[in-house]
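Dropping final-v2.cif in here (mmCIF, C-alpha atoms):
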```
data_input
loop_
_atom_site.label_atom_id
_atom_site.label_comp_id
_atom_site.auth_asym_id
_atom_site.auth_seq_id
_atom_site.Cartn_x
_atom_site.Cartn_y
_atom_site.Cartn_z
CA MET A 1 118.18 84.96 97.41
CA ARG A 2 117.30 85.62 101.04
CA MET A 3 113.68 86.55 101.73
CA THR A 4 113.12 89.93 103.27
CA LYS A 5 110.98 89.63 106.37
CA THR A 6 108.25 92.17 106.89
CA ILE A 7 105.53 92.41 109.51
CA PHE A 8 102.13 93.94 108.86
CA TYR A 9 100.58 95.05 112.15
CA HIS A 10 96.88 95.74 112.24
CA ALA A 11 93.91 95.68 114.55
CA GLY A 12 91.12 94.36 112.37
CA CYS A 13 89.66 97.81 111.73
CA PRO A 14 88.16 98.62 108.31
CA VAL A 15 91.12 100.85 107.42
CA CYS A 16 93.45 98.00 108.39
CA VAL A 17 91.62 95.38 106.34
CA SER A 18 91.53 97.58 103.27
CA ALA A 19 95.23 98.44 103.55
CA GLU A 20 96.13 94.79 104.13
CA GLN A 21 94.33 93.73 100.97
CA ASP A 22 96.07 96.42 98.94
CA ILE A 23 99.52 95.75 100.36
CA LEU A 24 99.35 91.99 100.03
CA LYS A 25 98.24 92.47 96.43
CA ILE A 26 101.28 94.47 95.40
CA ILE A 27 104.06 92.86 97.42
CA ASP A 28 106.40 90.49 95.65
CA ARG A 29 105.77 87.37 97.72
CA THR A 30 108.64 85.53 96.09
CA LEU A 31 111.07 87.99 97.69
CA ILE A 32 109.15 89.31 100.65
CA ASP A 33 107.88 87.24 103.53
CA VAL A 34 104.96 88.98 105.22
CA GLU A 35 103.85 88.11 108.73
CA VAL A 36 100.43 89.52 109.55
CA VAL A 37 99.93 90.35 113.24
CA HIS A 38 96.51 91.30 114.65
CA LEU A 39 97.39 93.35 117.72
CA GLY A 40 93.82 93.19 118.96
CA GLU A 41 94.14 89.42 119.24
CA GLN A 42 97.87 89.31 120.05
CA SER A 43 98.13 92.12 122.55
CA GLN A 44 101.32 90.61 123.96
CA ARG A 45 103.01 91.87 120.77
CA ILE A 46 102.01 95.51 121.21
CA ASN A 47 105.25 96.24 123.07
CA GLU A 48 107.30 94.68 120.28
CA ALA A 49 105.50 96.87 117.73
CA GLU A 50 106.08 99.98 119.80
CA ARG A 51 109.77 99.16 120.18
CA VAL A 52 110.28 99.15 116.42
CA GLY A 53 108.47 102.47 116.15
CA VAL A 54 104.87 101.63 115.27
CA LYS A 55 102.70 104.57 116.33
CA SER A 56 99.47 103.55 114.64
CA VAL A 57 97.95 100.70 112.70
CA PRO A 58 97.94 99.57 110.00
CA ALA A 59 101.72 99.62 109.67
CA LEU A 60 104.24 97.64 107.68
CA VAL A 61 107.68 97.13 109.17
CA LEU A 62 110.60 96.24 106.95
CA ASN A 63 114.30 96.39 107.67
CA GLY A 64 113.62 98.43 110.78
CA HIS A 65 111.63 101.04 108.84
CA VAL A 66 108.01 101.62 109.74
CA LEU A 67 105.55 102.49 107.01
CA HIS A 68 102.42 103.84 108.67
CA ILE A 69 99.71 103.30 106.09
CA ASN A 70 96.65 105.50 106.44
CA TYR A 71 95.37 105.68 109.99
CA GLY A 72 93.15 103.12 111.61
CA ALA A 73 93.97 103.50 115.30
CA GLY A 74 96.74 104.76 117.52
CA ILE A 75 98.80 102.07 119.19
CA SER A 76 97.92 103.44 122.62
CA ASP A 77 94.22 102.91 121.80
CA LEU A 78 94.94 99.19 121.48
CA LYS A 79 95.96 98.95 125.12
CA LYS A 80 92.60 100.03 126.47
CA MET B 81 98.26 89.04 82.88
CA ARG B 82 97.37 92.70 82.89
CA MET B 83 99.72 94.96 84.84
CA THR B 84 98.16 96.86 87.69
CA LYS B 85 98.94 100.55 87.40
CA THR B 86 99.91 102.40 90.54
CA ILE B 87 101.09 105.96 91.07
CA PHE B 88 103.48 106.97 93.83
CA TYR B 89 103.07 110.69 94.54
CA HIS B 90 105.81 112.43 96.48
CA ALA B 91 107.45 115.78 96.91
CA GLY B 92 111.11 114.95 97.27
CA CYS B 93 111.05 115.27 101.06
CA PRO B 94 113.18 112.91 103.20
CA VAL B 95 110.07 111.02 104.37
CA CYS B 96 109.06 110.66 100.71
CA VAL B 97 112.43 109.39 99.55
CA SER B 98 112.66 106.86 102.34
CA ALA B 99 109.13 105.57 101.69
CA GLU B 100 109.76 105.40 97.96
CA GLN B 101 112.85 103.27 98.46
CA ASP B 102 110.97 100.90 100.75
CA ILE B 103 107.90 100.64 98.56
CA LEU B 104 109.80 100.09 95.32
CA LYS B 105 111.81 97.38 97.08
CA ILE B 106 108.79 95.30 98.03
CA ILE B 107 106.48 95.79 95.06
CA ASP B 108 106.22 92.98 92.54
CA ARG B 109 107.33 94.86 89.46
CA THR B 110 106.36 92.02 87.18
CA LEU B 111 102.70 92.59 88.09
CA ILE B 112 102.66 96.20 89.22
CA ASP B 113 103.56 99.17 87.09
CA VAL B 114 104.61 102.09 89.28
CA GLU B 115 104.64 105.64 88.00
CA VAL B 116 106.55 107.98 90.30
CA VAL B 117 105.27 111.57 90.28
CA HIS B 118 107.15 114.38 92.00
CA LEU B 119 104.45 116.94 92.76
CA GLY B 120 107.02 119.59 93.57
CA GLU B 121 108.28 119.40 90.00
CA GLN B 122 104.96 118.49 88.36
CA SER B 123 102.61 120.85 90.15
CA GLN B 124 100.14 120.60 87.28
CA ARG B 125 99.35 117.12 88.61
CA ILE B 126 98.42 118.23 92.14
CA ASN B 127 94.76 118.55 91.15
CA GLU B 128 94.76 115.04 89.73
CA ALA B 129 96.23 113.71 92.98
CA GLU B 130 93.63 115.56 95.03
CA ARG B 131 90.82 114.23 92.87
CA VAL B 132 91.75 110.63 93.64
CA GLY B 133 91.89 111.46 97.34
CA VAL B 134 95.55 112.15 98.09
CA LYS B 135 95.68 114.27 101.26
CA SER B 136 99.40 114.09 101.94
CA VAL B 137 102.59 112.78 100.42
CA PRO B 138 104.07 110.27 100.10
CA ALA B 139 101.05 108.35 98.85
CA LEU B 140 100.55 105.31 96.69
CA VAL B 141 97.38 105.12 94.60
CA LEU B 142 96.17 101.77 93.31
CA ASN B 143 92.78 100.81 91.93
CA GLY B 144 91.33 104.07 93.22
CA HIS B 145 92.56 103.41 96.76
CA VAL B 146 94.97 105.83 98.36
CA LEU B 147 97.61 104.51 100.73
CA HIS B 148 99.01 107.47 102.63
CA ILE B 149 102.41 106.30 103.79
CA ASN B 150 103.85 108.10 106.80
CA TYR B 151 103.54 111.86 106.50
CA GLY B 152 105.90 114.09 104.59
CA ALA B 153 103.73 117.07 103.70
CA GLY B 154 100.09 117.94 103.27
CA ILE B 155 98.95 118.34 99.68
CA SER B 156 97.86 121.91 100.36
CA ASP B 157 101.42 122.73 101.43
CA LEU B 158 102.57 121.85 97.93
CA LYS B 159 100.52 124.65 96.42
CA LYS B 160 102.35 127.40 98.26
#
```
Can you dump the structure from the file as structure tokens?
Amino acid sequence: MRMTKTIFYHAGCPVCVSAEQDILKIIDRTLIDVEVVHLGEQSQRINEAERVGVKSVPALVLNGHVLHINYGAGISDLKK
Amino acid sequence: MRMTKTIFYHAGCPVCVSAEQDILKIIDRTLIDVEVVHLGEQSQRINEAERVGVKSVPALVLNGHVLHINYGAGISDLKK
């Protein structure tokens, strides 16, 4: 069975860390491959996140859908 | 291994349905028991949702943490 690729974008904020722990705990890692991207440290990927529709972090992207989970920071705040 | 109980609260809105499909797709159902509660149809459970901290739907509650996923409707809107 093909793994579904998901990307969890965050910025290291407390809301992000908490959401990451919860999400990684419930995801079926045998079916779902999760890449964790820290946009504070990998700012060159902010544009990629915006292109797929990420408006705030933390966010989980799967199959082109964006799940914005709680609200840690707006993506525009990460560019400052 | 004990199943972790989670509750997905929604109100039948398009944002809710889309989030529900995504979440149920990625959750490890062998470890995580998900109860789906439609607050539009089960309005007697709105108070329970509020007590655990649900501010908007869709939301996933696990271990006392609330993951607000995208934004379909505010919980106060469901009381009208």
Requested in this report: Show which residues sit within 12 Å of B:Gly120, as a PyMOL selection string. Count all atoms listed in the file, and ignore same-chain residues fewer than 2 positions away.
Outcome: chain B and resi 89-93+96+117-118+122-126+137-138+153+155-160
Requested in this report: Go through the shown structure with the PyMOL selection byres ((chain A) within 7 of (chain B)) and write out the matching residues as a list in words.
Outcome: Ile26, Ile27, Asp28, Ile32, Leu67, His68, Ile69 and Asn70 of chain A
Query raised in the report: What gap, in Å, lies between atom CA of B:Gly154 and atom CA of B:Lys135?
Result: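 Atom CA of B:Lys135 lies 6.1 Å from atom CA of B:Gly154.
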Find the axis-aligned box for stretch 13-30 of chain A, covering all its listed atoms and adding 3 Å on each side, and write its centre and edge lengths in Å to one decimal as lines of an AutoDock Vina configuration file.
```
center_x = 98.4
center_y = 93.2
center_z = 103.6
size_x = 26.5
size_y = 21.3
size_z = 22.3
```
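If you look at atom CA of B:Glu100 and atom CA of A:Arg2, they are 21.4 Å away from each other.
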Query raised in the report: What is the atom CA of A:Gly64 to atom CA of A:Val36 distance in Å?
Result: 16.0 Å
Report task. Identify which of the residues B:Glu128, B:Val95, B:Ser136, B:Val114 lies closest to B:Met83, counting all atoms listed in the file when measuring atom-to-atom distances. Result ->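 Smallest separation from B:Met83 among the options: B:Val114.
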